[in-house]
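structure_38.tsv (TSV, C-alpha atoms)
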```tsv
chain	number	residue	atom	x	y	z
A	22	MET	CA	36.63	-62.63	-54.68
A	23	THR	CA	34.98	-63.22	-58.03
A	24	LYS	CA	34.87	-60.19	-60.32
A	25	TYR	CA	31.45	-59.17	-61.56
A	26	THR	CA	32.75	-59.41	-65.11
A	27	GLU	CA	33.53	-63.10	-64.52
A	28	MET	CA	30.17	-64.04	-62.98
A	29	THR	CA	27.47	-65.97	-64.79
A	30	ARG	CA	24.17	-64.26	-65.53
A	31	GLU	CA	22.50	-66.25	-62.75
A	32	GLN	CA	25.14	-65.17	-60.23
A	33	LEU	CA	24.76	-61.53	-61.23
A	34	ILE	CA	20.98	-61.70	-60.83
A	35	ALA	CA	21.38	-63.19	-57.35
A	36	VAL	CA	23.82	-60.48	-56.29
A	37	GLN	CA	21.56	-57.84	-57.80
A	38	ALA	CA	18.62	-59.04	-55.70
A	39	GLU	CA	20.64	-58.79	-52.48
A	40	LEU	CA	21.91	-55.32	-53.37
A	41	GLN	CA	18.41	-54.14	-54.27
A	42	LYS	CA	17.20	-55.07	-50.77
A	43	ARG	CA	20.00	-53.01	-49.23
A	44	TYR	CA	19.32	-50.14	-51.58
A	45	ASP	CA	15.58	-50.14	-50.88
A	46	GLY	CA	16.36	-50.06	-47.15
A	47	TYR	CA	18.54	-46.98	-47.55
A	48	LYS	CA	15.97	-45.35	-49.81
A	49	SER	CA	13.21	-45.83	-47.24
A	50	MET	CA	15.22	-43.84	-44.66
A	51	GLY	CA	14.51	-40.55	-46.46
A	52	LEU	CA	18.10	-39.37	-46.18
A	53	LYS	CA	19.38	-36.01	-47.48
A	54	LEU	CA	23.17	-36.23	-47.73
A	55	ASP	CA	25.37	-33.86	-49.73
A	56	MET	CA	28.71	-34.86	-51.24
A	57	SER	CA	28.40	-32.55	-54.24
A	58	ARG	CA	30.91	-29.75	-53.52
A	59	GLY	CA	34.13	-29.47	-51.58
A	60	LYS	CA	32.64	-27.37	-48.81
A	61	PRO	CA	34.35	-27.16	-45.40
A	62	SER	CA	32.25	-28.55	-42.57
A	63	LYS	CA	30.84	-26.45	-39.73
A	64	GLU	CA	33.61	-27.78	-37.50
A	65	GLN	CA	36.22	-26.54	-39.98
A	66	LEU	CA	34.60	-23.11	-40.20
A	67	ASP	CA	34.51	-22.92	-36.40
A	68	LEU	CA	38.32	-23.15	-36.36
A	69	SER	CA	38.55	-19.59	-37.73
A	70	MET	CA	36.03	-17.76	-35.57
A	71	ASP	CA	38.80	-15.90	-33.69
A	72	LEU	CA	39.53	-14.15	-36.98
A	73	LEU	CA	36.43	-12.03	-36.32
A	74	GLY	CA	37.78	-10.58	-33.07
A	75	GLU	CA	38.54	-6.91	-32.52
A	76	THR	CA	41.60	-5.48	-34.22
A	77	ASP	CA	43.18	-2.11	-34.97
A	78	TYR	CA	42.93	-1.39	-38.71
A	79	ILE	CA	46.06	0.73	-38.84
A	80	GLU	CA	49.20	-0.62	-40.50
A	81	ASP	CA	52.40	1.40	-40.94
A	82	GLY	CA	50.41	4.54	-40.22
A	83	ILE	CA	47.86	3.77	-42.97
A	84	ASP	CA	44.15	3.56	-42.14
A	85	LEU	CA	43.10	0.34	-43.83
A	86	ARG	CA	39.44	1.32	-43.67
A	87	ASN	CA	39.99	3.88	-46.42
A	88	TYR	CA	40.74	3.84	-50.16
A	89	GLY	CA	44.06	2.81	-51.68
A	90	ILE	CA	46.71	0.08	-51.87
A	91	LEU	CA	45.55	-1.63	-55.03
A	92	ASP	CA	47.80	-4.70	-54.85
A	93	GLY	CA	47.29	-5.55	-51.16
A	94	ILE	CA	48.72	-4.47	-47.84
A	95	PRO	CA	52.45	-5.24	-47.36
A	96	SER	CA	51.99	-7.66	-44.45
A	97	CYS	CA	49.50	-9.76	-46.43
A	98	LYS	CA	51.69	-9.73	-49.53
A	99	LYS	CA	54.56	-11.04	-47.40
A	100	LEU	CA	52.35	-13.75	-45.87
A	101	PHE	CA	51.44	-15.13	-49.29
A	102	ALA	CA	54.93	-14.58	-50.69
A	103	ASP	CA	56.27	-16.83	-47.95
A	104	LEU	CA	53.55	-19.40	-48.62
A	105	LEU	CA	54.12	-19.46	-52.40
A	106	GLY	CA	57.90	-19.06	-52.32
A	107	VAL	CA	58.15	-15.81	-54.31
A	108	GLU	CA	59.05	-12.19	-53.59
A	109	PRO	CA	56.32	-9.88	-52.17
A	110	LYS	CA	56.62	-7.67	-55.25
A	111	ASN	CA	55.38	-10.62	-57.31
A	112	ILE	CA	52.22	-11.01	-55.22
A	113	LEU	CA	48.88	-9.35	-55.75
A	114	ILE	CA	46.20	-9.77	-53.07
A	115	GLY	CA	42.72	-10.14	-54.50
A	116	PRO	CA	39.09	-10.56	-53.41
A	117	ASN	CA	37.60	-13.43	-51.45
A	118	ALA	CA	37.98	-16.07	-54.18
A	119	SER	CA	40.81	-17.06	-56.52
A	120	LEU	CA	38.07	-17.93	-59.03
A	121	SER	CA	37.55	-14.17	-59.47
A	122	LEU	CA	41.26	-13.68	-60.14
A	123	MET	CA	41.23	-16.38	-62.80
A	124	PHE	CA	38.07	-15.11	-64.47
A	125	ASP	CA	39.35	-11.53	-64.51
A	126	TYR	CA	42.69	-12.56	-65.96
A	127	ILE	CA	41.08	-14.53	-68.81
A	128	ALA	CA	38.77	-11.56	-69.40
A	129	GLN	CA	41.82	-9.29	-69.60
A	130	CYS	CA	43.50	-11.58	-72.14
A	131	TYR	CA	40.26	-11.77	-74.10
A	132	SER	CA	39.70	-8.01	-74.27
A	133	HIS	CA	43.25	-6.58	-74.23
A	134	GLY	CA	45.66	-9.41	-74.99
A	135	VAL	CA	48.80	-10.38	-73.10
A	136	LEU	CA	51.67	-7.91	-72.72
A	137	GLY	CA	50.83	-6.15	-75.98
A	138	SER	CA	49.65	-9.17	-78.00
A	139	ALA	CA	46.39	-9.18	-79.95
A	140	PRO	CA	43.24	-9.52	-77.83
A	141	TRP	CA	42.06	-13.11	-77.89
A	142	SER	CA	38.59	-11.89	-78.89
A	143	LYS	CA	40.06	-10.72	-82.22
A	144	LEU	CA	41.56	-14.10	-83.11
A	145	PRO	CA	39.87	-16.71	-85.35
A	146	GLU	CA	40.10	-19.36	-82.64
A	147	VAL	CA	41.46	-19.65	-79.12
A	148	LYS	CA	42.08	-23.03	-77.48
A	149	PHE	CA	43.03	-24.10	-73.95
A	150	ILE	CA	44.52	-27.36	-72.69
A	151	CYS	CA	42.45	-28.97	-69.94
A	152	PRO	CA	43.89	-31.91	-67.96
A	153	VAL	CA	41.03	-34.35	-67.29
A	154	PRO	CA	39.38	-35.19	-65.06
A	155	GLY	CA	39.60	-31.62	-63.84
A	156	TYR	CA	37.92	-28.70	-62.10
A	157	ASP	CA	34.50	-27.81	-63.49
A	158	ARG	CA	34.80	-24.08	-62.71
A	159	HIS	CA	37.87	-23.81	-64.92
A	160	PHE	CA	35.80	-25.24	-67.74
A	161	THR	CA	32.93	-22.88	-66.98
A	162	ILE	CA	35.21	-19.84	-67.36
A	163	LEU	CA	36.53	-21.03	-70.71
A	164	GLU	CA	33.10	-21.94	-72.01
A	165	TYR	CA	31.81	-18.48	-71.03
A	166	PHE	CA	34.40	-16.84	-73.27
A	167	GLY	CA	33.89	-19.33	-76.09
A	168	ILE	CA	37.41	-20.73	-75.73
A	169	LYS	CA	37.72	-24.24	-77.17
A	170	MET	CA	38.81	-26.83	-74.62
A	171	ILE	CA	41.14	-29.71	-75.44
A	172	ASN	CA	41.15	-32.75	-73.15
A	173	VAL	CA	44.52	-34.09	-72.02
A	174	ASP	CA	44.49	-37.19	-69.85
A	175	MET	CA	46.00	-37.19	-66.38
A	176	THR	CA	48.63	-39.79	-65.49
A	177	PRO	CA	49.82	-40.78	-61.99
A	178	ASP	CA	52.57	-38.14	-62.40
A	179	GLY	CA	50.40	-35.29	-63.73
A	180	PRO	CA	49.04	-34.41	-67.17
A	181	ASP	CA	50.27	-36.28	-70.25
A	182	MET	CA	53.24	-34.07	-71.14
A	183	ASP	CA	53.90	-35.75	-74.48
A	184	ALA	CA	50.41	-34.65	-75.57
A	185	ILE	CA	50.85	-31.14	-74.18
A	186	GLU	CA	54.22	-30.63	-75.84
A	187	GLU	CA	52.64	-31.56	-79.15
A	188	LEU	CA	49.55	-29.37	-78.66
A	189	VAL	CA	51.50	-26.18	-77.89
A	190	LYS	CA	52.99	-26.29	-81.39
A	191	ASP	CA	49.62	-24.88	-82.48
A	192	GLU	CA	49.66	-21.06	-82.20
A	193	SER	CA	45.93	-21.00	-81.43
A	194	VAL	CA	46.57	-22.89	-78.18
A	195	LYS	CA	46.85	-20.02	-75.72
A	196	GLY	CA	47.03	-21.68	-72.35
A	197	MET	CA	46.31	-24.38	-69.83
A	198	PHE	CA	44.37	-24.56	-66.59
A	199	CYS	CA	45.69	-26.96	-63.96
A	200	VAL	CA	45.62	-27.82	-60.24
A	201	PRO	CA	49.22	-28.98	-59.67
A	202	LYS	CA	48.97	-30.15	-56.05
A	203	TYR	CA	46.28	-32.63	-55.01
A	204	SER	CA	44.58	-32.14	-58.36
A	205	ASN	CA	40.83	-31.74	-58.42
A	206	PRO	CA	39.43	-34.41	-58.35
A	207	GLN	CA	42.10	-37.14	-58.33
A	208	GLY	CA	44.44	-35.77	-55.66
A	209	ILE	CA	47.53	-36.18	-57.86
A	210	THR	CA	50.54	-33.96	-57.20
A	211	TYR	CA	52.67	-33.22	-60.24
A	212	THR	CA	56.12	-34.77	-60.08
A	213	ASP	CA	59.26	-32.65	-60.36
A	214	GLU	CA	59.75	-33.93	-63.91
A	215	VAL	CA	56.26	-32.83	-64.95
A	216	VAL	CA	56.71	-29.39	-63.36
A	217	ARG	CA	60.01	-28.98	-65.19
A	218	ARG	CA	58.52	-30.06	-68.51
A	219	ILE	CA	55.72	-27.51	-68.08
A	220	ALA	CA	58.27	-24.82	-67.21
A	221	ALA	CA	60.30	-25.77	-70.29
A	222	LEU	CA	57.41	-25.59	-72.77
A	223	LYS	CA	58.13	-23.72	-76.00
A	224	PRO	CA	54.66	-22.75	-77.20
A	225	ALA	CA	54.16	-21.37	-80.68
A	226	ALA	CA	51.98	-18.68	-79.08
A	227	GLU	CA	54.02	-16.01	-77.30
A	228	ASP	CA	50.94	-15.17	-75.23
A	229	PHE	CA	50.54	-18.74	-73.93
A	230	ARG	CA	49.72	-18.74	-70.20
A	231	VAL	CA	49.55	-21.56	-67.65
A	232	ILE	CA	46.96	-20.82	-64.96
A	233	TRP	CA	48.59	-22.58	-62.00
A	234	ASP	CA	45.63	-22.96	-59.62
A	235	ASN	CA	47.41	-23.98	-56.43
A	236	ALA	CA	44.14	-24.31	-54.51
A	237	TYR	CA	45.39	-27.06	-52.17
A	238	ILE	CA	48.93	-25.82	-51.60
A	239	ILE	CA	48.81	-26.57	-47.88
A	240	HIS	CA	45.75	-28.78	-47.60
A	241	GLU	CA	47.31	-32.00	-46.35
A	242	ILE	CA	45.30	-34.87	-44.91
A	243	TYR	CA	48.28	-36.76	-43.54
A	244	GLU	CA	51.29	-35.36	-41.72
A	245	GLU	CA	53.54	-36.53	-44.53
A	246	GLY	CA	51.97	-34.72	-47.44
A	247	ASP	CA	53.16	-34.34	-51.01
A	248	GLU	CA	55.86	-31.88	-52.07
A	249	LEU	CA	55.32	-29.75	-55.16
A	250	LEU	CA	58.29	-28.21	-56.93
A	251	ASN	CA	57.96	-24.40	-57.00
A	252	ILE	CA	57.54	-23.67	-60.71
A	253	PHE	CA	58.77	-20.09	-60.23
A	254	ASP	CA	62.15	-21.51	-59.20
A	255	VAL	CA	62.33	-23.36	-62.51
A	256	LEU	CA	60.86	-20.96	-65.09
A	257	PRO	CA	63.98	-18.72	-65.34
A	258	GLU	CA	66.07	-21.72	-66.39
A	259	TYR	CA	64.06	-21.87	-69.62
A	260	GLY	CA	63.47	-18.15	-70.17
A	261	ASN	CA	59.77	-18.57	-69.39
A	262	ASP	CA	59.44	-16.17	-66.45
A	263	ASP	CA	56.18	-14.70	-67.81
A	264	MET	CA	54.43	-17.96	-68.73
A	265	VAL	CA	52.74	-18.83	-65.40
A	266	ILE	CA	50.00	-17.10	-63.44
A	267	GLU	CA	49.60	-18.75	-60.01
A	268	VAL	CA	46.58	-18.30	-57.76
A	269	CYS	CA	45.51	-19.52	-54.35
A	270	SER	CA	43.18	-18.42	-51.57
A	271	THR	CA	42.17	-18.92	-47.94
A	272	SER	CA	38.74	-20.20	-49.00
A	273	LYS	CA	39.36	-23.60	-47.43
A	274	MET	CA	41.59	-22.21	-44.66
A	275	THR	CA	39.22	-19.71	-43.03
A	276	PHE	CA	35.84	-18.73	-44.53
A	277	PRO	CA	35.03	-19.61	-48.17
A	278	GLY	CA	32.73	-16.61	-48.60
A	279	ALA	CA	34.92	-14.17	-46.71
A	280	GLY	CA	38.53	-15.16	-47.32
A	281	ILE	CA	41.26	-13.57	-49.40
A	282	SER	CA	42.93	-14.65	-52.62
A	283	ALA	CA	46.41	-14.10	-54.00
A	284	LEU	CA	48.03	-14.09	-57.40
A	285	ALA	CA	51.74	-14.68	-58.05
A	286	ALA	CA	53.35	-13.72	-61.35
A	287	SER	CA	56.39	-12.14	-62.99
A	288	ASP	CA	57.14	-8.42	-62.76
A	289	ALA	CA	55.79	-7.89	-66.28
A	290	ASN	CA	52.55	-9.79	-65.64
A	291	ILE	CA	51.93	-8.01	-62.33
A	292	ALA	CA	52.39	-4.63	-64.02
A	293	ASP	CA	50.02	-5.66	-66.81
A	294	ILE	CA	47.35	-6.80	-64.35
A	295	LEU	CA	47.68	-3.62	-62.27
A	296	LYS	CA	46.88	-1.53	-65.37
A	297	ARG	CA	43.57	-3.34	-65.56
A	298	LEU	CA	42.92	-3.17	-61.80
A	299	ASN	CA	43.49	0.56	-61.84
A	300	ALA	CA	40.38	0.81	-64.01
A	301	GLN	CA	38.48	-1.99	-62.28
A	302	THR	CA	38.63	-1.18	-58.56
A	303	ILE	CA	39.90	1.22	-55.92
A	304	SER	CA	41.21	-1.62	-53.76
A	305	TYR	CA	40.18	-5.00	-52.46
A	306	ASP	CA	39.16	-5.52	-48.82
A	307	LYS	CA	42.22	-4.40	-46.85
A	308	MET	CA	40.45	-4.85	-43.53
A	309	ASN	CA	39.95	-8.52	-44.29
A	310	GLN	CA	43.58	-8.82	-45.39
A	311	HIS	CA	44.65	-7.32	-42.08
A	312	ARG	CA	42.38	-9.65	-40.10
A	313	HIS	CA	43.93	-12.66	-41.81
A	314	VAL	CA	47.46	-11.50	-41.07
A	315	GLU	CA	46.55	-10.91	-37.43
A	316	PHE	CA	44.91	-14.35	-37.25
A	317	PHE	CA	47.70	-16.37	-38.88
A	318	GLY	CA	50.70	-14.27	-37.83
A	319	ASP	CA	53.00	-15.82	-40.40
A	320	VAL	CA	53.27	-18.80	-42.72
A	321	ASN	CA	53.97	-21.11	-39.76
A	322	GLY	CA	50.64	-20.01	-38.31
A	323	ILE	CA	48.96	-21.11	-41.53
A	324	LYS	CA	50.66	-24.50	-41.29
A	325	GLU	CA	49.55	-25.02	-37.70
A	326	HIS	CA	46.02	-23.94	-38.53
A	327	MET	CA	45.83	-26.39	-41.44
A	328	LYS	CA	46.86	-29.26	-39.16
A	329	LYS	CA	43.54	-28.70	-37.36
A	330	HIS	CA	41.72	-28.99	-40.66
A	331	ALA	CA	43.61	-32.20	-41.43
A	332	ALA	CA	42.54	-33.71	-38.12
A	333	LEU	CA	38.90	-33.18	-39.11
A	334	MET	CA	39.33	-34.30	-42.72
A	335	LYS	CA	41.41	-37.45	-42.23
A	336	PRO	CA	38.73	-39.67	-40.61
A	337	LYS	CA	36.24	-38.69	-43.32
A	338	PHE	CA	38.57	-39.61	-46.16
A	339	GLU	CA	39.57	-42.83	-44.44
A	340	MET	CA	35.93	-43.81	-43.93
A	341	VAL	CA	35.07	-43.34	-47.61
A	342	LEU	CA	38.19	-45.20	-48.71
A	343	ARG	CA	37.38	-48.10	-46.35
A	344	HIS	CA	33.94	-48.44	-47.90
A	345	LEU	CA	35.33	-48.26	-51.43
A	346	GLU	CA	37.85	-50.98	-50.67
A	347	GLY	CA	35.40	-53.19	-48.76
A	348	GLU	CA	32.49	-52.84	-51.19
A	349	LEU	CA	34.13	-52.29	-54.59
A	350	GLY	CA	37.66	-53.63	-54.22
A	351	GLY	CA	38.44	-56.74	-56.28
A	352	ARG	CA	35.16	-56.70	-58.19
A	353	GLY	CA	36.63	-55.37	-61.42
A	354	ILE	CA	34.15	-52.51	-61.70
A	355	ALA	CA	35.88	-49.54	-60.07
A	356	SER	CA	39.23	-47.92	-59.31
A	357	TRP	CA	40.33	-44.90	-57.30
A	358	ILE	CA	43.36	-43.04	-55.98
A	359	GLU	CA	44.06	-42.56	-52.27
A	360	PRO	CA	45.03	-38.87	-52.04
A	361	ARG	CA	47.41	-37.45	-49.43
A	362	GLY	CA	45.58	-34.14	-49.38
A	363	GLY	CA	43.07	-31.91	-51.11
A	364	TYR	CA	39.30	-32.16	-50.94
A	365	PHE	CA	38.20	-34.98	-53.22
A	366	ILE	CA	38.33	-38.66	-54.04
A	367	SER	CA	38.01	-39.53	-57.72
A	368	LEU	CA	36.15	-42.76	-58.41
A	369	ASP	CA	36.26	-44.36	-61.87
A	370	VAL	CA	33.55	-46.95	-62.40
A	371	MET	CA	32.92	-49.34	-65.25
A	372	GLU	CA	32.58	-47.46	-68.53
A	373	GLY	CA	29.05	-46.25	-69.22
A	374	CYS	CA	27.87	-46.60	-65.62
A	375	ALA	CA	28.65	-43.35	-63.79
A	376	LYS	CA	25.45	-41.47	-64.67
A	377	ARG	CA	23.26	-44.38	-63.66
A	378	ALA	CA	25.14	-44.67	-60.34
A	379	GLY	CA	24.58	-40.97	-59.80
A	380	GLU	CA	20.85	-41.33	-60.50
A	381	LEU	CA	20.56	-44.18	-57.99
A	382	CYS	CA	22.42	-42.14	-55.36
A	383	LYS	CA	20.10	-39.18	-55.88
A	384	GLU	CA	16.99	-41.37	-55.58
A	385	ALA	CA	18.32	-42.65	-52.26
A	386	GLY	CA	19.05	-39.14	-50.95
A	387	VAL	CA	22.76	-38.71	-51.73
A	388	VAL	CA	23.72	-35.71	-53.86
A	389	LEU	CA	26.96	-36.02	-55.83
A	390	THR	CA	28.75	-33.64	-58.16
A	391	ASN	CA	26.96	-33.89	-61.50
A	392	VAL	CA	28.43	-36.81	-63.39
A	393	GLY	CA	30.42	-35.37	-66.29
A	394	ALA	CA	31.29	-32.13	-64.46
A	395	THR	CA	34.95	-33.16	-64.24
A	396	TYR	CA	35.23	-32.88	-68.04
A	397	PRO	CA	34.86	-29.88	-70.39
A	398	TYR	CA	31.29	-29.19	-71.55
A	399	GLY	CA	30.07	-31.63	-68.88
A	400	VAL	CA	30.78	-34.58	-71.15
A	401	ASP	CA	32.76	-37.50	-69.75
A	402	PRO	CA	33.53	-39.51	-72.92
A	403	LYS	CA	33.62	-42.75	-70.95
A	404	ASN	CA	30.78	-41.91	-68.53
A	405	SER	CA	32.91	-43.36	-65.76
A	406	ASN	CA	34.16	-40.61	-63.40
A	407	ILE	CA	32.48	-39.69	-60.11
A	408	ARG	CA	33.89	-36.96	-57.85
A	409	ILE	CA	33.40	-37.59	-54.14
A	410	ALA	CA	33.56	-34.66	-51.70
A	411	PRO	CA	33.74	-36.06	-48.14
A	412	SER	CA	34.33	-32.78	-46.28
A	413	LEU	CA	30.85	-31.42	-45.52
A	414	PRO	CA	28.75	-34.27	-44.01
A	415	PRO	CA	29.27	-35.30	-40.38
A	416	VAL	CA	31.05	-38.64	-40.05
A	417	SER	CA	27.82	-40.44	-39.11
A	418	GLU	CA	26.05	-39.22	-42.26
A	419	LEU	CA	29.10	-39.81	-44.41
A	420	ASP	CA	29.05	-43.46	-43.37
A	421	PHE	CA	25.58	-43.88	-44.88
A	422	ALA	CA	26.46	-41.79	-47.94
A	423	ALA	CA	29.50	-43.92	-48.75
A	424	GLN	CA	27.51	-47.14	-48.36
A	425	ILE	CA	24.75	-45.85	-50.64
A	426	LEU	CA	27.34	-44.75	-53.21
A	427	CYS	CA	28.95	-48.18	-53.25
A	428	VAL	CA	25.65	-50.03	-53.53
A	429	SER	CA	24.55	-47.68	-56.31
A	430	VAL	CA	27.76	-48.27	-58.25
A	431	LYS	CA	27.39	-52.03	-57.94
A	432	LEU	CA	23.76	-51.95	-59.04
A	433	ALA	CA	24.56	-49.71	-62.02
A	434	CYS	CA	27.38	-52.00	-63.14
A	435	ILE	CA	25.32	-55.16	-62.79
A	436	GLU	CA	22.51	-53.56	-64.79
A	437	ALA	CA	25.01	-52.84	-67.56
A	438	LEU	CA	26.43	-56.36	-67.48
A	439	LEU	CA	22.95	-57.90	-67.67
A	440	LYS	CA	21.94	-55.97	-70.78
```

In structure tokens, how does this file's structure come out?
Amino acid sequence: MTKYTEMTREQLIAVQAELQKRYDGYKSMGLKLDMSRGKPSKEQLDLSMDLLGETDYIEDGIDLRNYGILDGIPSCKKLFADLLGVEPKNILIGPNASLSLMFDYIAQCYSHGVLGSAPWSKLPEVKFICPVPGYDRHFTILEYFGIKMINVDMTPDGPDMDAIEELVKDESVKGMFCVPKYSNPQGITYTDEVVRRIAALKPAAEDFRVIWDNAYIIHEIYEEGDELLNIFDVLPEYGNDDMVIEVCSTSKMTFPGAGISALAASDANIADILKRLNAQTISYDKMNQHRHVEFFGDVNGIKEHMKKHAALMKPKFEMVLRHLEGELGGRGIASWIEPRGGYFISLDVMEGCAKRAGELCKEAGVVLTNVGATYPYGVDPKNSNIRIAPSLPPVSELDFAAQILCVSVKLACIEALLK
């Protein structure tokens, strides 16, 4: 197969004409297809309807309908402790979304500091390391607080650790956001070496914190998923017990708008967060915590439940990947990673062409994540990354969406080559 970059101008024009006919045909269909966010499909949401059944909201003689139990009910703390591989005392059960836990923790650091350190709001400058491409909502939190974001490129093993180890020598660098398993959007799982190098960091800032957003901890697509080294098993080896704040949630296990979140941290960090929570809330939704424990039973119940999700997700991912390979493979204009889990496929197209491809998709009725959203401030320096979210559309619609995406990418790249 001849690469587009090796074609003559006449050949490119001929291919462009054929693609335009296909594109115009799709456009005339008046489609409305959404691949913009990693939303579970209706079929995935239906898997958890039994969670809404009747239950007795009494646990260990405590009426869970009432006030109290700030850090979460014991059974739910144990459920997440088993999932995350920590002790229940190091778990705090939060609201429906881990995003709230992350925002509140950054707000706490900003207003009150970290374990007695100066509040970040009082410092001349605060910076955060952001592996890219990454999760747009992490960037939104940091931008809200005026925290300067520093791009660090991802590698096939995880973020560029040589760059990170150099950056943390700066005392104004106070932390890092990351998704260590099936990273958003590339689907990369950090290797053991990368996890150990993060655990071994010696930041100049004593209040440096890694926000370990383990959003896809058990979100496999294939039976043989990736294994992520438990960073809490490694931190004590380097005297960094307090450096990591881990979060996760059931948002993509049960109901995104009505799930539960959890935070794992050291004894000192948990105590520090509870001081803030004591002023912030009476308690999070214990009834919902109880419902989730009743629904899952234990961590094995979570694993079995997530196999049902995988069965629905796998054909969607495979369909998109087939189209990418069939339409874009070997043409020298795009590359991608085949993830073993998570919710996204990250597509890198020829430099300078992603926004145009996104525009063409939108005109033909396919909504993608805003091009640039996978980088801080919404600026992809190469204008090349497109995040694909295959989960929401039915398979039949996803087939069209993937075809339109591929045709749009090819048209955008040919336009660039013909300039």

Applying 6 Å and only C-alpha atoms, which residues near range 349-353 of chain A remain after dropping the ones on its own chain fewer than 4 positions away? List them as number ranges by chain.
A: 24-25, 345

Contact residues around range 93-98 of chain A with all atoms listed in the file at 10 Å, ignoring same-chain residues under 2 positions, as a ChimeraX atom specification:
/A:80-81,83,85,89-91,100-104,108-116,281,283-285,304-315,318-319

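You can rank A:Pro180, A:Pro206, A:Gly373, A:Gly386 by their closest distance to Asp45 in chain A using all atoms listed in the file, and at the top of that list sits A:Gly386.
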
The residue from A:Arg408, A:Arg343, A:His240, A:Arg230 with the smallest atom-to-atom distance to Ser287 in chain A, counting all atoms listed in the file, is A:Arg230

For Ile407 in chain A, please output as a ChimeraX atom specification all residues within 12 Å (counting only C-alpha atoms; exclusion window: fewer than 2 positions along the same chain).
/A:56-57,154-155,205-207,355-357,365-380,382,388-396,401,403-405,409-410,426-427,429-430

Could you name the residues that touch Leu188 in chain A at 12 Å or less, counting only C-alpha atoms, but leaving out those on the same chain fewer than 2 positions away, as a PyMOL selection string? chain A and resi 148-151+170-173+181-186+190-197+222-226+229

One residue among A:Cys199, A:Lys273, A:Val107, A:Trp233 is nearest to Ile323 in chain A when using all atoms listed in the file, and that residue is A:Lys273

Which residues of range 27-136 of chain A sit at most 6 Å from range 412-419 of chain A, using only C-alpha atoms? Give each one's shortest atom pair and distance in Å (one decimal place), in chain and ascending residue order, as CSV.
```
residue,atom,partner,partner_atom,distance
A:Lys60,CA,A:Leu413,CA,5.5
A:Pro61,CA,A:Leu413,CA,5.5
A:Ser62,CA,A:Leu413,CA,4.3
```

Given the point (39.1, -14.7, -71.9) in the coordinates of this file, which residues lie within 9 Å, counting only C-alpha atoms, and how would they look as a compact mmCIF listing (two decimals) with C-alpha atoms, in the coordinates of the input?
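Wrote part-v3.txt, looks like this:
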```txt
# COMPACT_ATOMS: atom_id res chain seq x y z
CA PHE A 124 38.07 -15.11 -64.47
CA ASP A 125 39.35 -11.53 -64.51
CA TYR A 126 42.69 -12.56 -65.96
CA ILE A 127 41.08 -14.53 -68.81
CA ALA A 128 38.77 -11.56 -69.40
CA GLN A 129 41.82 -9.29 -69.60
CA CYS A 130 43.50 -11.58 -72.14
CA TYR A 131 40.26 -11.77 -74.10
CA SER A 132 39.70 -8.01 -74.27
CA GLY A 134 45.66 -9.41 -74.99
CA PRO A 140 43.24 -9.52 -77.83
CA TRP A 141 42.06 -13.11 -77.89
CA SER A 142 38.59 -11.89 -78.89
CA ILE A 162 35.21 -19.84 -67.36
CA LEU A 163 36.53 -21.03 -70.71
CA TYR A 165 31.81 -18.48 -71.03
CA PHE A 166 34.40 -16.84 -73.27
CA GLY A 167 33.89 -19.33 -76.09
CA ILE A 168 37.41 -20.73 -75.73
```

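Interatomic distance, CA of Val216 in chain A against CA of Glu164 in chain A: 26.2 Å.
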